[in-house]
$ cat work-v3.cif   # mmCIF, C-alpha atoms
data_run
loop_
_atom_site.label_atom_id
_atom_site.label_comp_id
_atom_site.auth_asym_id
_atom_site.auth_seq_id
_atom_site.Cartn_x
_atom_site.Cartn_y
_atom_site.Cartn_z
CA MET A 30 173.40 269.86 202.50
CA ILE A 31 173.75 267.58 205.51
CA ALA A 32 177.10 267.94 207.26
CA ARG A 33 179.43 264.96 207.19
CA GLU A 34 179.57 264.82 210.99
CA THR A 35 175.76 264.64 211.18
CA ILE A 36 175.75 261.65 208.84
CA ILE A 37 178.46 259.93 210.91
CA ASN A 38 176.50 260.62 214.09
CA LEU A 39 173.38 259.05 212.61
CA VAL A 40 175.37 256.02 211.48
CA LEU A 41 176.80 255.53 214.98
CA ALA A 42 173.34 255.82 216.54
CA VAL A 43 171.89 253.31 214.07
CA ILE A 44 174.76 250.85 214.57
CA LEU A 45 174.36 250.90 218.36
CA LEU A 46 170.63 250.27 218.01
CA ALA A 47 170.93 247.68 215.24
CA VAL A 48 173.52 245.42 216.89
CA PRO A 49 171.36 244.30 219.84
CA LEU A 50 168.27 243.94 217.63
CA ILE A 51 170.16 241.67 215.25
CA ALA A 52 171.80 239.85 218.17
CA MET A 53 168.41 238.99 219.68
CA ALA A 54 167.11 237.91 216.28
CA VAL A 55 169.93 235.38 215.92
CA GLY A 56 169.85 234.30 219.57
CA GLU A 57 173.06 235.98 220.80
CA PRO A 58 172.07 237.95 223.94
CA PHE A 59 175.73 238.46 224.89
CA TYR A 60 176.04 241.16 222.23
CA VAL A 61 173.00 242.92 223.69
CA THR A 62 174.81 243.12 227.02
CA LEU A 63 177.94 244.35 225.24
CA SER A 64 175.91 247.08 223.50
CA THR A 65 174.35 248.04 226.83
CA ARG A 66 177.83 248.44 228.29
CA VAL A 67 178.71 250.73 225.37
CA ALA A 68 175.60 252.86 225.94
CA ILE A 69 176.23 253.22 229.68
CA LEU A 70 179.92 254.09 229.32
CA ALA A 71 179.01 256.58 226.59
CA LEU A 72 176.42 258.14 228.92
CA ALA A 73 179.04 258.53 231.66
CA ALA A 74 181.44 260.08 229.15
CA VAL A 75 178.75 262.49 227.93
CA GLY A 76 178.57 263.75 231.49
CA LEU A 77 182.33 264.28 231.67
CA ASN A 78 182.28 265.81 228.18
CA ILE A 79 180.15 268.68 229.50
CA ALA A 80 182.93 269.61 231.91
CA LEU A 81 185.93 268.56 229.83
CA GLY A 82 184.79 269.09 226.25
CA LEU A 83 182.92 272.36 226.76
CA GLY A 84 184.52 273.76 229.89
CA GLY A 85 188.07 272.44 229.55
CA LEU A 86 187.87 271.00 233.09
CA VAL A 87 190.11 267.93 233.18
CA SER A 88 188.45 266.15 236.09
CA PHE A 89 190.16 263.01 237.38
CA GLY A 90 187.43 262.58 239.97
CA HIS A 91 184.33 261.71 237.97
CA ALA A 92 184.63 258.09 239.08
CA ALA A 93 183.34 259.36 242.43
CA PHE A 94 180.03 260.33 240.84
CA PHE A 95 179.90 257.18 238.73
CA GLY A 96 180.39 255.10 241.87
CA ILE A 97 177.94 257.14 243.95
CA GLY A 98 175.28 256.46 241.33
CA GLY A 99 176.10 252.75 241.46
CA TYR A 100 175.96 252.59 245.23
CA ALA A 101 172.70 254.58 245.25
CA ALA A 102 171.15 251.83 243.12
CA GLY A 103 172.69 249.08 245.24
CA ILE A 104 171.83 250.53 248.65
CA LEU A 105 168.24 251.42 247.79
CA ALA A 106 167.61 248.02 246.20
CA THR A 107 169.20 246.15 249.12
CA HIS A 108 167.05 247.92 251.70
CA ALA A 109 163.94 247.31 249.61
CA PHE A 110 164.76 243.62 249.16
CA ASN A 111 165.48 243.13 252.88
CA ALA A 112 162.55 245.37 253.94
CA GLU A 113 164.94 247.35 256.16
CA PRO A 114 164.50 251.12 256.56
CA MET A 115 167.50 253.36 255.97
CA LEU A 116 168.52 256.47 257.89
CA PHE A 117 165.67 258.65 259.18
CA GLY A 118 163.19 255.89 258.36
CA PHE A 119 163.48 256.21 254.58
CA GLU A 120 162.69 252.98 252.79
CA GLY A 121 164.56 251.50 249.87
CA THR A 122 163.11 251.04 246.41
CA THR A 123 163.64 248.92 243.32
CA SER A 124 162.01 251.46 241.01
CA MET A 125 164.55 252.75 238.48
CA PRO A 126 163.03 256.25 238.12
CA TRP A 127 163.23 256.81 241.90
CA ILE A 128 166.75 255.38 242.03
CA TRP A 129 167.81 257.68 239.19
CA LEU A 130 166.31 260.66 241.01
CA VAL A 131 168.23 259.79 244.17
CA ALA A 132 171.46 259.24 242.19
CA LEU A 133 171.08 262.57 240.39
CA THR A 134 170.30 264.43 243.63
CA VAL A 135 173.12 262.91 245.69
CA CYS A 136 175.67 263.42 242.91
CA GLY A 137 174.59 267.03 242.54
CA LEU A 138 174.87 267.64 246.29
CA VAL A 139 178.31 265.99 246.46
CA ALA A 140 179.54 267.82 243.36
CA LEU A 141 178.62 271.21 244.83
CA PRO A 142 181.30 271.34 247.57
CA ILE A 143 183.83 269.38 245.49
CA GLY A 144 183.41 271.80 242.60
CA ALA A 145 183.34 274.86 244.85
CA ILE A 146 186.74 273.90 246.27
CA SER A 147 188.37 272.40 243.17
CA LEU A 148 187.40 275.22 240.82
CA ARG A 149 189.37 277.71 242.88
CA THR A 150 192.40 276.11 241.28
CA SER A 151 193.27 275.30 237.67
CA GLY A 152 195.49 273.09 235.56
CA VAL A 153 197.31 270.27 237.31
CA TYR A 154 196.09 271.47 240.71
CA PHE A 155 192.47 271.03 239.63
CA ILE A 156 193.27 267.53 238.36
CA MET A 157 194.93 266.53 241.62
CA ILE A 158 192.21 267.96 243.87
CA THR A 159 189.42 266.18 241.98
CA LEU A 160 191.49 262.99 242.14
CA ALA A 161 191.98 263.46 245.89
CA PHE A 162 188.24 263.85 246.51
CA ALA A 163 187.49 260.76 244.44
CA GLN A 164 190.05 258.72 246.38
CA MET A 165 188.57 259.90 249.68
CA ILE A 166 185.16 258.61 248.60
CA TYR A 167 186.74 255.39 247.31
CA TYR A 168 188.43 254.64 250.64
CA PHE A 169 185.25 255.53 252.49
CA ALA A 170 183.37 252.94 250.40
CA ILE A 171 185.86 250.12 251.01
CA SER A 172 185.86 250.86 254.75
CA TRP A 173 182.04 250.73 254.99
CA PRO A 174 181.30 247.10 255.94
CA ALA A 175 177.53 247.66 256.13
CA TYR A 176 177.49 247.83 252.33
CA GLY A 177 180.10 245.25 251.43
CA GLY A 178 183.33 247.14 252.02
CA GLU A 179 186.03 245.88 249.65
CA ASP A 180 183.72 243.11 248.40
CA GLY A 181 181.16 245.50 246.98
CA LEU A 182 177.39 245.26 247.08
CA SER A 183 175.34 242.71 245.13
CA LEU A 184 171.87 243.38 243.74
CA SER A 185 169.60 240.36 244.11
CA VAL A 186 167.57 241.28 241.01
CA ARG A 187 167.70 244.05 238.43
CA ASN A 188 165.64 247.07 239.44
CA SER A 189 162.28 247.65 237.82
CA PHE A 190 160.82 250.14 235.35
CA PRO A 191 157.05 250.67 234.89
CA LEU A 192 155.53 248.43 232.19
CA ILE A 193 158.95 247.11 231.08
CA ASN A 194 160.58 243.78 231.91
CA THR A 195 164.09 244.97 232.74
CA ALA A 196 165.29 241.43 233.48
CA LYS A 197 165.40 240.81 229.72
CA PRO A 198 168.52 242.18 228.00
CA LEU A 199 166.86 244.04 225.11
CA PRO A 200 164.35 246.14 227.12
CA PHE A 201 167.10 247.17 229.52
CA PHE A 202 169.32 248.13 226.59
CA LEU A 203 166.54 250.27 225.13
CA ILE A 204 166.20 252.13 228.45
CA CYS A 205 169.95 252.85 228.49
CA TYR A 206 169.89 253.82 224.81
CA ALA A 207 167.02 256.27 225.38
CA LEU A 208 168.81 257.87 228.33
CA LEU A 209 171.98 258.19 226.26
CA LEU A 210 170.08 260.03 223.52
CA LEU A 211 168.49 262.32 226.12
CA ALA A 212 171.91 263.08 227.62
CA MET A 213 173.33 263.90 224.20
CA ALA A 214 170.32 266.13 223.54
CA LEU A 215 171.10 267.91 226.83
CA PHE A 216 174.74 268.28 225.74
CA ALA A 217 173.65 269.76 222.39
CA LEU A 218 171.23 272.10 224.17
CA ILE A 219 173.93 273.31 226.55
CA ARG A 220 176.48 273.72 223.76
CA GLY A 221 174.09 275.81 221.67
CA SER A 222 172.81 277.96 224.54
CA ARG A 223 174.08 281.25 225.97
CA PHE A 224 175.24 279.27 229.01
CA GLY A 225 177.24 276.98 226.72
CA ALA A 226 178.76 279.94 224.92
CA ALA A 227 179.81 281.40 228.28
CA LEU A 228 181.24 278.05 229.38
CA GLN A 229 183.32 277.73 226.21
CA THR A 230 184.46 281.33 226.54
CA ALA A 231 185.56 280.59 230.11
CA ARG A 232 187.63 277.73 228.71
CA GLN A 233 189.30 279.98 226.15
CA ASN A 234 189.62 283.28 228.03
CA ASP A 235 187.97 283.70 231.42
CA THR A 236 189.22 287.29 231.71
CA ARG A 237 187.18 288.27 228.65
CA LEU A 238 184.11 286.56 230.14
CA ALA A 239 184.54 288.39 233.44
CA ALA A 240 184.89 291.67 231.55
CA VAL A 241 181.29 291.37 230.27
CA GLY A 242 179.97 290.82 233.79
CA ILE A 243 179.73 287.01 233.89
CA ALA A 244 181.54 285.18 236.68
CA PRO A 245 183.54 282.27 235.19
CA PHE A 246 183.52 280.46 238.54
CA ASN A 247 179.71 280.25 238.67
CA ILE A 248 179.46 279.03 235.07
CA ARG A 249 182.07 276.33 235.65
CA LEU A 250 180.48 275.24 238.92
CA ILE A 251 177.05 274.75 237.33
CA ALA A 252 178.62 272.83 234.45
CA PHE A 253 180.58 270.67 236.90
CA ILE A 254 177.41 269.81 238.85
CA ILE A 255 175.42 268.94 235.71
CA SER A 256 178.35 266.87 234.50
CA ALA A 257 178.50 264.95 237.79
CA MET A 258 174.76 264.25 237.77
CA VAL A 259 174.80 262.75 234.28
CA THR A 260 177.79 260.56 235.15
CA GLY A 261 176.03 259.46 238.36
CA LEU A 262 172.99 258.39 236.35
CA ALA A 263 175.26 256.19 234.24
CA GLY A 264 176.69 254.68 237.42
CA ALA A 265 173.21 253.64 238.58
CA LEU A 266 172.61 251.92 235.23
CA PHE A 267 176.02 250.25 235.37
CA ALA A 268 175.22 248.72 238.77
CA ASP A 269 171.94 247.44 237.36
CA LEU A 270 173.68 245.99 234.32
CA ASN A 271 176.14 244.01 236.43
CA ARG A 272 173.76 243.61 239.40
CA PHE A 273 176.72 244.70 241.47
CA ALA A 274 178.08 247.98 242.87
CA SER A 275 181.84 247.68 243.17
CA PRO A 276 184.44 249.95 244.79
CA SER A 277 186.26 249.77 241.43
CA MET A 278 183.56 252.09 240.10
CA LEU A 279 185.01 254.74 242.42
CA SER A 280 188.68 254.18 241.60
CA TRP A 281 190.87 256.59 239.66
CA HIS A 282 191.14 253.98 236.91
CA MET A 283 187.48 254.62 236.11
CA SER A 284 188.09 258.36 235.84
CA GLY A 285 190.97 257.68 233.47
CA GLU A 286 188.78 255.35 231.42
CA LEU A 287 186.16 258.07 230.92
CA ILE A 288 188.82 260.54 229.79
CA VAL A 289 190.17 257.92 227.36
CA LEU A 290 186.68 257.48 225.87
CA ILE A 291 186.42 261.20 225.17
CA ILE A 292 189.91 261.43 223.66
CA LEU A 293 189.29 258.40 221.44
CA GLY A 294 185.95 259.67 220.19
CA GLY A 295 186.61 263.40 220.05
CA LYS A 296 186.65 265.99 222.85
CA GLY A 297 183.68 268.34 222.75
CA ARG A 298 181.93 266.37 219.98
CA LEU A 299 178.28 265.48 220.41
CA PHE A 300 178.79 261.80 219.54
CA GLY A 301 182.43 261.68 220.63
CA PRO A 302 181.65 259.75 223.85
CA LEU A 303 179.66 257.16 221.89
CA ALA A 304 182.39 256.73 219.29
CA GLY A 305 184.98 256.41 222.06
CA ALA A 306 182.89 253.88 224.00
CA MET A 307 182.37 251.80 220.86
CA LEU A 308 186.11 251.73 220.17
CA TYR A 309 187.00 251.02 223.78
CA VAL A 310 184.59 248.10 224.22
CA LEU A 311 185.59 246.73 220.80
CA PHE A 312 189.26 246.76 221.81
CA GLU A 313 188.40 245.32 225.22
CA TYR A 314 186.42 242.45 223.67
CA THR A 315 188.64 241.61 220.70
CA LEU A 316 192.10 242.26 222.14
CA GLY A 317 191.06 241.00 225.58
CA GLY A 318 190.31 237.64 224.02
CA ILE A 319 193.85 237.47 222.66
CA THR A 320 195.92 238.76 225.55
CA GLU A 321 195.47 239.90 229.14
CA ARG A 322 197.69 242.90 228.34
CA TRP A 323 195.26 244.41 225.85
CA GLN A 324 195.57 247.80 227.55
CA PHE A 325 199.12 248.02 226.17
CA PHE A 326 197.76 248.02 222.61
CA LEU A 327 195.00 250.42 223.61
CA GLY A 328 197.72 252.72 224.93
CA LEU A 329 199.50 252.60 221.57
CA ILE A 330 196.26 253.47 219.80
CA LEU A 331 195.60 256.30 222.24
CA LEU A 332 199.12 257.61 221.66
CA GLY A 333 198.49 257.57 217.91
CA VAL A 334 195.23 259.49 218.37
CA VAL A 335 196.92 262.15 220.51
CA LEU A 336 199.80 262.56 218.05
CA PHE A 337 198.05 262.25 214.69
CA ALA A 338 194.28 262.60 215.19
CA ARG A 339 193.76 265.06 218.01
CA GLY A 340 190.07 265.34 217.16
CA GLY A 341 189.60 261.66 217.90
CA LEU A 342 187.71 259.28 215.64
CA LEU A 343 185.09 261.89 214.72
CA GLY A 344 187.78 264.46 213.99
CA LEU A 345 189.48 261.95 211.71
CA LEU A 346 186.26 261.11 209.85
CA ALA A 347 184.39 264.41 209.91
CA GLY A 348 187.16 267.00 210.01
CA LYS A 349 187.49 270.00 212.30
CA ALA A 350 184.55 270.80 214.57
CA ARG A 351 182.51 273.84 213.53
CA HIS A 352 181.59 274.95 217.05
CA GLY A 353 183.70 276.97 219.45
#
$ encode --input "work-v3.cif" --output "structure tokens"
Amino acid sequence: MIARETIINLVLAVILLAVPLIAMAVGEPFYVTLSTRVAILALAAVGLNIALGLGGLVSFGHAAFFGIGGYAAGILATHAFNAEPMLFGFEGTTSMPWIWLVALTVCGLVALPIGAISLRTSGVYFIMITLAFAQMIYYFAISWPAYGGEDGLSLSVRNSFPLINTAKPLPFFLICYALLLLAMALFALIRGSRFGAALQTARQNDTRLAAVGIAPFNIRLIAFIISAMVTGLAGALFADLNRFASPSMLSWHMSGELIVLIILGGKGRLFGPLAGAMLYVLFEYTLGGITERWQFFLGLILLGVVLFARGGLLGLLAGKARHG
């Protein structure tokens, strides 16, 4: 018998795919863009969910990786468009696969020292240190006039993907959708692996994990780096969606938004980030059209979820998670 959560997951995946297809059929490309925003935010939250949902690492600094991914896309595309070499003679590119590779690599390299320092603490200290690192990168970005400073960095055209016209809304959505599914497959693979079991054990009782000869610090650091890389990939896509890399992508508000997505959808759930992103964008679109203070009502909903549905939307619909 198919589990209820599996059915709900399939329904969510079908809804996200069906909305833009129907929107294009009826000539409403705006809803394709809205669905693309959902997919990208969900992808970023999947990255954080590896650290937070599996490892219990409440990072308030993942906006740093989201923004780094965005600026990687913007900087590479700008240098390619202007035919100007970067540092050490490297040239820019408008090829999405190369941009993604750069975003993943840079985010991994940045996450290594941040994680190595932050993971020597825990609890509120870990939260504050990750926040401090993110703010350092944020202020570095707004004080870097070569790439827009406070004004951000515009992309002249959307970056390219082999054999696909990314300038059209639907093909670009399908790219984001495919990457989201791949990221969720990675999450499921990690959760079901021995590494995932060790990571979840470290969350519950790191002393027990150390007793069997596995260093909790190393497990958490690897998870933190993977988490950062996935979130950075989402940042590169977000810059392409908006054709703009903004310092706001690096702000602590963005980190808070990603945590909200996970709480709304269900912490540690495979499709929790997608459910949370769907709810968030729906509230943003519907309530935002009624009042500028729509975040107040979102806060009330979030409070209700924390008090009465701690498993998020998926916990409410599918019941208690069966994994550890």
$ resolve_selection --input "work-v3.cif" --expression "the PyMOL selection byres ((chain A and resi 97) around 9)" --output "list in words"
Ala92, Ala93, Phe94, Phe95, Gly96, Gly98, Gly99, Tyr100, Ala101, Ala102, Ala132, Val135, Cys136, Ile166, Gly261, Gly264, Ala265, Met278 and Leu279 of chain A
$ write_last_selection --input "work-v3.cif" --atoms "C-alpha atoms" --output "compact mmCIF listing (two decimals), keeping the file's coordinate frame"
# COMPACT_ATOMS: atom_id res chain seq x y z
CA ALA A 92 184.63 258.09 239.08
CA ALA A 93 183.34 259.36 242.43
CA PHE A 94 180.03 260.33 240.84
CA PHE A 95 179.90 257.18 238.73
CA GLY A 96 180.39 255.10 241.87
CA GLY A 98 175.28 256.46 241.33
CA GLY A 99 176.10 252.75 241.46
CA TYR A 100 175.96 252.59 245.23
CA ALA A 101 172.70 254.58 245.25
CA ALA A 102 171.15 251.83 243.12
CA ALA A 132 171.46 259.24 242.19
CA VAL A 135 173.12 262.91 245.69
CA CYS A 136 175.67 263.42 242.91
CA ILE A 166 185.16 258.61 248.60
CA GLY A 261 176.03 259.46 238.36
CA GLY A 264 176.69 254.68 237.42
CA ALA A 265 173.21 253.64 238.58
CA MET A 278 183.56 252.09 240.10
CA LEU A 279 185.01 254.74 242.42
$ residues_around --input "work-v3.cif" --residues "Ile204 of chain A" --least-positions-apart "2" --cutoff "10 Å" --atoms "only C-alpha atoms" --output "list in words"
Thr65, Ala68, Phe190, Ile193, Thr195, Leu199, Pro200, Phe201, Phe202, Tyr206, Ala207, Leu208, Leu209 and Leu266 of chain A
$ resolve_selection --input "work-v3.cif" --expression "the PyMOL selection byres ((chain A and resi 158-164) around 12)" --output "PyMOL selection string"
chain A and resi 86-97+139-140+142-157+165-171+253+257+276-285
$ write_last_selection --input "work-v3.cif" --atoms "C-alpha atoms" --output "compact mmCIF listing (two decimals), keeping the file's coordinate frame"
# COMPACT_ATOMS: atom_id res chain seq x y z
CA LEU A 86 187.87 271.00 233.09
CA VAL A 87 190.11 267.93 233.18
CA SER A 88 188.45 266.15 236.09
CA PHE A 89 190.16 263.01 237.38
CA GLY A 90 187.43 262.58 239.97
CA HIS A 91 184.33 261.71 237.97
CA ALA A 92 184.63 258.09 239.08
CA ALA A 93 183.34 259.36 242.43
CA PHE A 94 180.03 260.33 240.84
CA PHE A 95 179.90 257.18 238.73
CA GLY A 96 180.39 255.10 241.87
CA ILE A 97 177.94 257.14 243.95
CA VAL A 139 178.31 265.99 246.46
CA ALA A 140 179.54 267.82 243.36
CA PRO A 142 181.30 271.34 247.57
CA ILE A 143 183.83 269.38 245.49
CA GLY A 144 183.41 271.80 242.60
CA ALA A 145 183.34 274.86 244.85
CA ILE A 146 186.74 273.90 246.27
CA SER A 147 188.37 272.40 243.17
CA LEU A 148 187.40 275.22 240.82
CA ARG A 149 189.37 277.71 242.88
CA THR A 150 192.40 276.11 241.28
CA SER A 151 193.27 275.30 237.67
CA GLY A 152 195.49 273.09 235.56
CA VAL A 153 197.31 270.27 237.31
CA TYR A 154 196.09 271.47 240.71
CA PHE A 155 192.47 271.03 239.63
CA ILE A 156 193.27 267.53 238.36
CA MET A 157 194.93 266.53 241.62
CA MET A 165 188.57 259.90 249.68
CA ILE A 166 185.16 258.61 248.60
CA TYR A 167 186.74 255.39 247.31
CA TYR A 168 188.43 254.64 250.64
CA PHE A 169 185.25 255.53 252.49
CA ALA A 170 183.37 252.94 250.40
CA ILE A 171 185.86 250.12 251.01
CA PHE A 253 180.58 270.67 236.90
CA ALA A 257 178.50 264.95 237.79
CA PRO A 276 184.44 249.95 244.79
CA SER A 277 186.26 249.77 241.43
CA MET A 278 183.56 252.09 240.10
CA LEU A 279 185.01 254.74 242.42
CA SER A 280 188.68 254.18 241.60
CA TRP A 281 190.87 256.59 239.66
CA HIS A 282 191.14 253.98 236.91
CA MET A 283 187.48 254.62 236.11
CA SER A 284 188.09 258.36 235.84
CA GLY A 285 190.97 257.68 233.47
$ residues_around --input "work-v3.cif" --residues "segment 178-186 of chain A" --least-positions-apart "4" --cutoff "6 Å" --atoms "all atoms listed in the file" --output "ChimeraX atom specification"
/A:103,171-174,272-276
$ closest_residue --input "work-v3.cif" --among "A:Ala175, A:Leu203, A:Leu332, A:Ile69" --to "Ala47 of chain A" --atoms "all atoms listed in the file"
A:Leu203
$ closest_residue --input "work-v3.cif" --among "A:Leu133, A:Ala227, A:Ala112, A:Ile251" --to "Ala80 of chain A" --atoms "all atoms listed in the file"
A:Ile251
$ closest_residue --input "work-v3.cif" --among "A:Phe267, A:Phe312, A:Phe337, A:Phe119" --to "Thr62 of chain A" --atoms "all atoms listed in the file"
A:Phe267
$ atom_distance --input "work-v3.cif" --atom1 "atom CA of Val259 of chain A" --atom2 "atom CA of Leu46 of chain A"
20.9 Å
$ closest_residue --input "work-v3.cif" --among "A:Leu329, A:Leu311, A:Leu316, A:Leu211" --to "Leu72 of chain A" --atoms "all atoms listed in the file"
A:Leu211
$ atom_distance --input "work-v3.cif" --atom1 "atom CA of Ser64 of chain A" --atom2 "atom CA of Asn271 of chain A"
13.3 Å
$ closest_residue --input "work-v3.cif" --among "A:Gln324, A:Thr107, A:Asn234, A:Gln229" --to "Leu81 of chain A" --atoms "all atoms listed in the file"
A:Gln229
$ closest_residue --input "work-v3.cif" --among "A:Leu70, A:Leu218, A:Ala268, A:Leu345" --to "Leu290 of chain A" --atoms "only C-alpha atoms"
A:Leu70
$ closest_atom_pairs --input "work-v3.cif" --of "segment 195-285 of chain A" --to "segment 298-310 of chain A" --cutoff "9 Å" --atoms "all atoms listed in the file" --output "CSV"
residue,atom,partner,partner_atom,distance
A:Leu209,CA,A:Leu303,CA,8.9
A:Met213,CA,A:Leu299,CA,6.4
A:Ala214,CA,A:Leu299,CA,8.6
A:Phe216,CA,A:Leu299,CA,7.0
A:Ala217,CA,A:Leu299,CA,6.6
$ atom_distance --input "work-v3.cif" --atom1 "atom CA of Gly294 of chain A" --atom2 "atom CA of Gly344 of chain A"
8.0 Å
$ residues_near_point --input "work-v3.cif" --point "(166.0, 251.3, 251.6)" --cutoff "12 Å" --atoms "only C-alpha atoms" --output "list in words"
Tyr100, Ala101, Ala102, Gly103, Ile104, Leu105, Ala106, Thr107, His108, Ala109, Phe110, Asn111, Ala112, Glu113, Pro114, Met115, Leu116, Phe117, Gly118, Phe119, Glu120, Gly121, Thr122, Thr123, Ser124, Trp127, Ile128 and Val131 of chain A
$ resolve_selection --input "work-v3.cif" --expression "the PyMOL selection byres ((chain A and resi 297) around 7)" --output "list in words"
Asn78, Gly82, Leu83, Gly295, Lys296, Arg298 and Leu299 of chain A
$ residues_around --input "work-v3.cif" --residues "Leu210 of chain A" --least-positions-apart "5" --cutoff "9 Å" --atoms "only C-alpha atoms" --output "list in words"
Ala42, Leu72, Cys205 and Leu215 of chain A
$ residues_near_point --input "work-v3.cif" --point "(169.7, 237.7, 219.9)" --cutoff "12 Å" --atoms "all atoms listed in the file" --output "MDAnalysis selection string"
chainID A and resid 47:64 197:199
$ write_last_selection --input "work-v3.cif" --atoms "C-alpha atoms" --output "short mmCIF file (atom, residue, chain, number, x, y, z; two decimals), in the coordinates of the input"
data_model
loop_
_atom_site.label_atom_id
_atom_site.label_comp_id
_atom_site.auth_asym_id
_atom_site.auth_seq_id
_atom_site.Cartn_x
_atom_site.Cartn_y
_atom_site.Cartn_z
CA ALA A 47 170.93 247.68 215.24
CA VAL A 48 173.52 245.42 216.89
CA PRO A 49 171.36 244.30 219.84
CA LEU A 50 168.27 243.94 217.63
CA ILE A 51 170.16 241.67 215.25
CA ALA A 52 171.80 239.85 218.17
CA MET A 53 168.41 238.99 219.68
CA ALA A 54 167.11 237.91 216.28
CA VAL A 55 169.93 235.38 215.92
CA GLY A 56 169.85 234.30 219.57
CA GLU A 57 173.06 235.98 220.80
CA PRO A 58 172.07 237.95 223.94
CA PHE A 59 175.73 238.46 224.89
CA TYR A 60 176.04 241.16 222.23
CA VAL A 61 173.00 242.92 223.69
CA THR A 62 174.81 243.12 227.02
CA LEU A 63 177.94 244.35 225.24
CA SER A 64 175.91 247.08 223.50
CA LYS A 197 165.40 240.81 229.72
CA PRO A 198 168.52 242.18 228.00
CA LEU A 199 166.86 244.04 225.11
#
$ build_atoms --input "work-v3.cif" --residues "segment 332-348 of chain A" --atoms "N, CA and C atoms" --output "mmCIF file, keeping the file's coordinate frame"
data_model
loop_
_atom_site.group_PDB
_atom_site.id
_atom_site.type_symbol
_atom_site.label_atom_id
_atom_site.label_comp_id
_atom_site.auth_asym_id
_atom_site.auth_seq_id
_atom_site.Cartn_x
_atom_site.Cartn_y
_atom_site.Cartn_z
ATOM 1 N N LEU A 332 197.961 256.779 221.984
ATOM 2 C CA LEU A 332 199.120 257.610 221.660
ATOM 3 C C LEU A 332 199.043 258.090 220.213
ATOM 4 N N GLY A 333 198.638 257.191 219.312
ATOM 5 C CA GLY A 333 198.490 257.570 217.910
ATOM 6 C C GLY A 333 197.409 258.629 217.723
ATOM 7 N N VAL A 334 196.311 258.499 218.472
ATOM 8 C CA VAL A 334 195.230 259.490 218.370
ATOM 9 C C VAL A 334 195.711 260.850 218.843
ATOM 10 N N VAL A 335 196.432 260.881 219.963
ATOM 11 C CA VAL A 335 196.920 262.150 220.510
ATOM 12 C C VAL A 335 197.917 262.820 219.558
ATOM 13 N N LEU A 336 198.763 262.004 218.911
ATOM 14 C CA LEU A 336 199.800 262.560 218.050
ATOM 15 C C LEU A 336 199.299 262.926 216.654
ATOM 16 N N PHE A 337 198.400 262.091 216.104
ATOM 17 C CA PHE A 337 198.050 262.250 214.690
ATOM 18 C C PHE A 337 196.582 262.542 214.419
ATOM 19 N N ALA A 338 195.716 262.343 215.402
ATOM 20 C CA ALA A 338 194.280 262.600 215.190
ATOM 21 C C ALA A 338 193.709 263.212 216.456
ATOM 22 N N ARG A 339 194.092 264.438 216.731
ATOM 23 C CA ARG A 339 193.760 265.060 218.010
ATOM 24 C C ARG A 339 192.262 265.303 218.170
ATOM 25 N N GLY A 340 191.522 265.218 217.072
ATOM 26 C CA GLY A 340 190.070 265.340 217.160
ATOM 27 C C GLY A 340 189.390 264.021 217.404
ATOM 28 N N GLY A 341 190.180 262.974 217.661
ATOM 29 C CA GLY A 341 189.600 261.660 217.900
ATOM 30 C C GLY A 341 189.056 261.038 216.635
ATOM 31 N N LEU A 342 188.285 259.980 216.786
ATOM 32 C CA LEU A 342 187.710 259.280 215.640
ATOM 33 C C LEU A 342 186.823 260.201 214.810
ATOM 34 N N LEU A 343 185.985 260.999 215.465
ATOM 35 C CA LEU A 343 185.090 261.890 214.720
ATOM 36 C C LEU A 343 185.871 262.999 214.025
ATOM 37 N N GLY A 344 186.946 263.464 214.652
ATOM 38 C CA GLY A 344 187.780 264.460 213.990
ATOM 39 C C GLY A 344 188.444 263.888 212.756
ATOM 40 N N LEU A 345 188.839 262.618 212.836
ATOM 41 C CA LEU A 345 189.480 261.950 211.710
ATOM 42 C C LEU A 345 188.499 261.757 210.558
ATOM 43 N N LEU A 346 187.253 261.406 210.885
ATOM 44 C CA LEU A 346 186.260 261.110 209.850
ATOM 45 C C LEU A 346 185.510 262.341 209.348
ATOM 46 N N ALA A 347 185.245 263.279 210.262
ATOM 47 C CA ALA A 347 184.390 264.410 209.910
ATOM 48 C C ALA A 347 185.134 265.735 209.759
ATOM 49 N N GLY A 348 186.412 265.757 210.126
ATOM 50 C CA GLY A 348 187.160 267.000 210.010
ATOM 51 C C GLY A 348 187.022 267.862 211.259
#
